[in-house]
Amino acid sequence: MTGPDYQSTPIQSSSKKDIAQRISELRKEMRAIILAHYYTVPEIQDVADIVGDSLALARAAESTDAEAIVFCGVYFMGETASILNPDKLVIVPDDNAGCPLADSCPIEDFRQFKAEHPDAVVISYINSTAEIKAESDIICTSSNARHIVSQIPEERKILFGPDRNLGSYVMRQCNREMILWQGYCYVHEAFNWETIRPTLDAHPGAELIAHPECRQELLVHADFVGSTSGLLAYAEKSDANTLVVATEPGILHEMKKRAPRKTFISAPKDADHSWSTCTQMKQNTLEKLMMCMENRSPQIVVEESLRQKALKPIKRMLEMS
Ligand code: 13P
Ligand code: SF4
């Protein structure tokens with residue numbers, strides 16, 4: 001098997017159809033748009049109006065004229081949609097689905113980090129809490145980080161957080177120093193060259209593609225490094241027939257749709273060939289999606305003064321990218 005089979009959830013496929021049908025009815029009733037990240041389970045991706053990476057989803061949340069936004073992802077994604085849309089109902093299937101990377105950056109410690117470098121420009125990855133965003137000058141995602149950093153004048157010092165792997169990748173790409181917060185994503189940190197190399201050896205001609213949240217020791221071996229949307233675009237156009245994919249395996253669903261003749265292998269995280277999955281993204285299920293729409297809850301609301309502070313660096317990102 002080339003990746004985990006998330007279709008095999010306990011609900012029967014007939015009831016899945018009923019649930020998907022009810023979700024469609026609720027979407028019309030609520031005049032809602034359903035946004036989903038590529039790491040969610042296939043059945044959620046299949047009912048979503050837009051499936052995308054963090055930047056595409058933030059853009060969709062900013063520009064939609066829907067009355068309600070249903071966000072299937074992790075907490076900071078719904079929170080960003082709510083920051084951009086204070087007058088819309090923003091709901092999520094499970095508000096306990098947080099991003100451990102975002103949660104690994106406590107606000108008091110981050111303020112201290114900033115205080116040690118008062119003259120620096122603060123660039124924060126979108127995988128951060130509203131409080132961290134509010135303390136930042138500009139937000140970035142994995143698809144625009146390099147572009148944003150390259151627009152900061154050479155003489156300015158940059159603080160970058162919370163992901164140290166994305167930060168050091170951007171430093172290498174832009175050939176400039178940044179001061180990094182030492183956070184990481186457990187899903188991507190787990191990939192290593194020792195366990196991926198035998199998979200590549202077993203498939204001559206296969207290419208390795210990786211998300212920049214992976215460690216440098218792996219990224220140096222990758223044929224392509226990019227955000228989830230970047231990986232998808234590369235997978236489609238690459239001449240290789242087999243691609244080993246070092247990111248969350250949920251993305252294989254869209255890859256197989258876009259390039260059905262190619263073979264995609266989810267990179268193993270250890271010698272037992274287990275997949276590196278994001279437990280939090282998988283907390284979004286089709287039933288929870290339906291229930292949150294039935295109940296109009298859990299809702300994500302950001303306190304107004306915090307929202308206004310967090311909005312500025314998000315808007316700046318959208319203008320700069
Ligand atoms: P992308 O913006 O590349 O989709 O990444 C989001 C994410 O959470 C990666 O772990
Ligand atoms: Fe957060 Fe990592 Fe999951 Fe992305 S894959 S949502 S960074 S824990």
# chains A, B, ... in the order shown; residues from 1 in each chain; ligands from 1
$ residues_near_ligand --ligand "ligand 2" --cutoff "8 Å" --atoms "only C-alpha atoms and all ligand atoms" --output "list in words"
Tyr39, Gly73, Val74, Gly98, Cys99, Pro100, Leu101, Ala102, Asn127, Tyr184, Cys185, Tyr186, Val187, His188, Glu213, Thr247, Glu248, Thr277, Cys278, Thr279, Gln280 and Met281 of chain A
$ write_last_selection --atoms "N, CA and C atoms" --output "PDB file, in the first residue's frame"
ATOM      1  N   TYR A  39      -4.856  17.954   4.001  1.00  0.00           N
ATOM      2  CA  TYR A  39      -4.532  16.885   4.960  1.00  0.00           C
ATOM      3  C   TYR A  39      -5.779  16.264   5.587  1.00  0.00           C
ATOM      4  N   GLY A  73     -10.001  21.947   9.006  1.00  0.00           N
ATOM      5  CA  GLY A  73      -8.540  22.038   9.049  1.00  0.00           C
ATOM      6  C   GLY A  73      -8.146  21.962  10.505  1.00  0.00           C
ATOM      7  N   VAL A  74      -7.231  22.819  10.933  1.00  0.00           N
ATOM      8  CA  VAL A  74      -6.914  22.918  12.365  1.00  0.00           C
ATOM      9  C   VAL A  74      -7.270  24.327  12.851  1.00  0.00           C
ATOM     10  N   GLY A  98      -6.338  21.304  17.294  1.00  0.00           N
ATOM     11  CA  GLY A  98      -5.368  22.400  17.257  1.00  0.00           C
ATOM     12  C   GLY A  98      -4.138  21.982  16.461  1.00  0.00           C
ATOM     13  N   CYS A  99      -3.244  22.919  16.200  1.00  0.00           N
ATOM     14  CA  CYS A  99      -1.978  22.575  15.539  1.00  0.00           C
ATOM     15  C   CYS A  99      -0.896  22.614  16.612  1.00  0.00           C
ATOM     16  N   PRO A 100      -0.274  21.473  16.941  1.00  0.00           N
ATOM     17  CA  PRO A 100       0.747  21.465  17.996  1.00  0.00           C
ATOM     18  C   PRO A 100       1.914  22.422  17.709  1.00  0.00           C
ATOM     19  N   LEU A 101       2.216  22.654  16.433  1.00  0.00           N
ATOM     20  CA  LEU A 101       3.273  23.628  16.118  1.00  0.00           C
ATOM     21  C   LEU A 101       2.837  25.021  16.588  1.00  0.00           C
ATOM     22  N   ALA A 102       1.610  25.424  16.234  1.00  0.00           N
ATOM     23  CA  ALA A 102       1.113  26.738  16.663  1.00  0.00           C
ATOM     24  C   ALA A 102       1.096  26.820  18.193  1.00  0.00           C
ATOM     25  N   ASN A 127       0.822  29.200  10.792  1.00  0.00           N
ATOM     26  CA  ASN A 127       0.573  28.170  11.818  1.00  0.00           C
ATOM     27  C   ASN A 127       0.956  28.738  13.183  1.00  0.00           C
ATOM     28  N   TYR A 184       8.681  23.222  15.899  1.00  0.00           N
ATOM     29  CA  TYR A 184       8.654  22.313  14.736  1.00  0.00           C
ATOM     30  C   TYR A 184       7.328  21.569  14.709  1.00  0.00           C
ATOM     31  N   CYS A 185       7.032  21.002  13.543  1.00  0.00           N
ATOM     32  CA  CYS A 185       5.818  20.200  13.369  1.00  0.00           C
ATOM     33  C   CYS A 185       6.195  18.732  13.539  1.00  0.00           C
ATOM     34  N   TYR A 186       5.538  18.035  14.465  1.00  0.00           N
ATOM     35  CA  TYR A 186       5.914  16.635  14.733  1.00  0.00           C
ATOM     36  C   TYR A 186       5.721  15.728  13.520  1.00  0.00           C
ATOM     37  N   VAL A 187       4.775  16.085  12.652  1.00  0.00           N
ATOM     38  CA  VAL A 187       4.484  15.251  11.471  1.00  0.00           C
ATOM     39  C   VAL A 187       5.687  15.277  10.505  1.00  0.00           C
ATOM     40  N   HIS A 188       6.227  16.477  10.287  1.00  0.00           N
ATOM     41  CA  HIS A 188       7.325  16.619   9.314  1.00  0.00           C
ATOM     42  C   HIS A 188       8.697  16.361   9.927  1.00  0.00           C
ATOM     43  N   GLU A 213       8.583  22.055   6.017  1.00  0.00           N
ATOM     44  CA  GLU A 213       8.585  21.820   7.471  1.00  0.00           C
ATOM     45  C   GLU A 213       9.448  20.604   7.830  1.00  0.00           C
ATOM     46  N   THR A 247       5.244  14.491   3.147  1.00  0.00           N
ATOM     47  CA  THR A 247       4.354  15.404   3.874  1.00  0.00           C
ATOM     48  C   THR A 247       3.193  14.558   4.377  1.00  0.00           C
ATOM     49  N   GLU A 248       2.188  15.188   4.967  1.00  0.00           N
ATOM     50  CA  GLU A 248       1.063  14.443   5.525  1.00  0.00           C
ATOM     51  C   GLU A 248       0.358  13.664   4.395  1.00  0.00           C
ATOM     52  N   THR A 277       1.173  10.861  10.133  1.00  0.00           N
ATOM     53  CA  THR A 277      -0.115  11.531   9.938  1.00  0.00           C
ATOM     54  C   THR A 277      -0.316  12.648  10.974  1.00  0.00           C
ATOM     55  N   CYS A 278      -1.126  13.620  10.596  1.00  0.00           N
ATOM     56  CA  CYS A 278      -1.476  14.701  11.514  1.00  0.00           C
ATOM     57  C   CYS A 278      -2.789  14.298  12.204  1.00  0.00           C
ATOM     58  N   THR A 279      -2.662  13.863  13.435  1.00  0.00           N
ATOM     59  CA  THR A 279      -3.826  13.397  14.211  1.00  0.00           C
ATOM     60  C   THR A 279      -4.893  14.476  14.284  1.00  0.00           C
ATOM     61  N   GLN A 280      -4.443  15.723  14.387  1.00  0.00           N
ATOM     62  CA  GLN A 280      -5.379  16.830  14.571  1.00  0.00           C
ATOM     63  C   GLN A 280      -6.200  17.061  13.295  1.00  0.00           C
ATOM     64  N   MET A 281      -5.565  17.006  12.132  1.00  0.00           N
ATOM     65  CA  MET A 281      -6.325  17.159  10.882  1.00  0.00           C
ATOM     66  C   MET A 281      -7.350  16.036  10.753  1.00  0.00           C
TER      67      MET A 281
END
$ residues_around --residues "range 95-97 of chain A" --least-positions-apart "5" --cutoff "12 Å" --atoms "only C-alpha atoms" --output "number ranges by chain"
A: 40, 70-79, 90, 102-103, 278-285, 288-289, 292, 297-301
$ residues_near_ligand --ligand "ligand 1" --cutoff "6 Å" --atoms "only C-alpha atoms and all ligand atoms" --output "PyMOL selection string"
chain A and resi 53-55+141-142+227-228
$ atom_distance --atom1 "CA of Ala36 in chain A" --atom2 "CA of Val51 in chain A"
4.8 Å
$ select_by_dssp --residues "range 1-234 of chain A" --states "alpha helix (DSSP H)" --output "PyMOL selection string"
chain A and resi 13-30+42-47+54-63+75-84+100-103+107-115+130-134+145-149+164-174+186-189+193-201+216-219+228-234
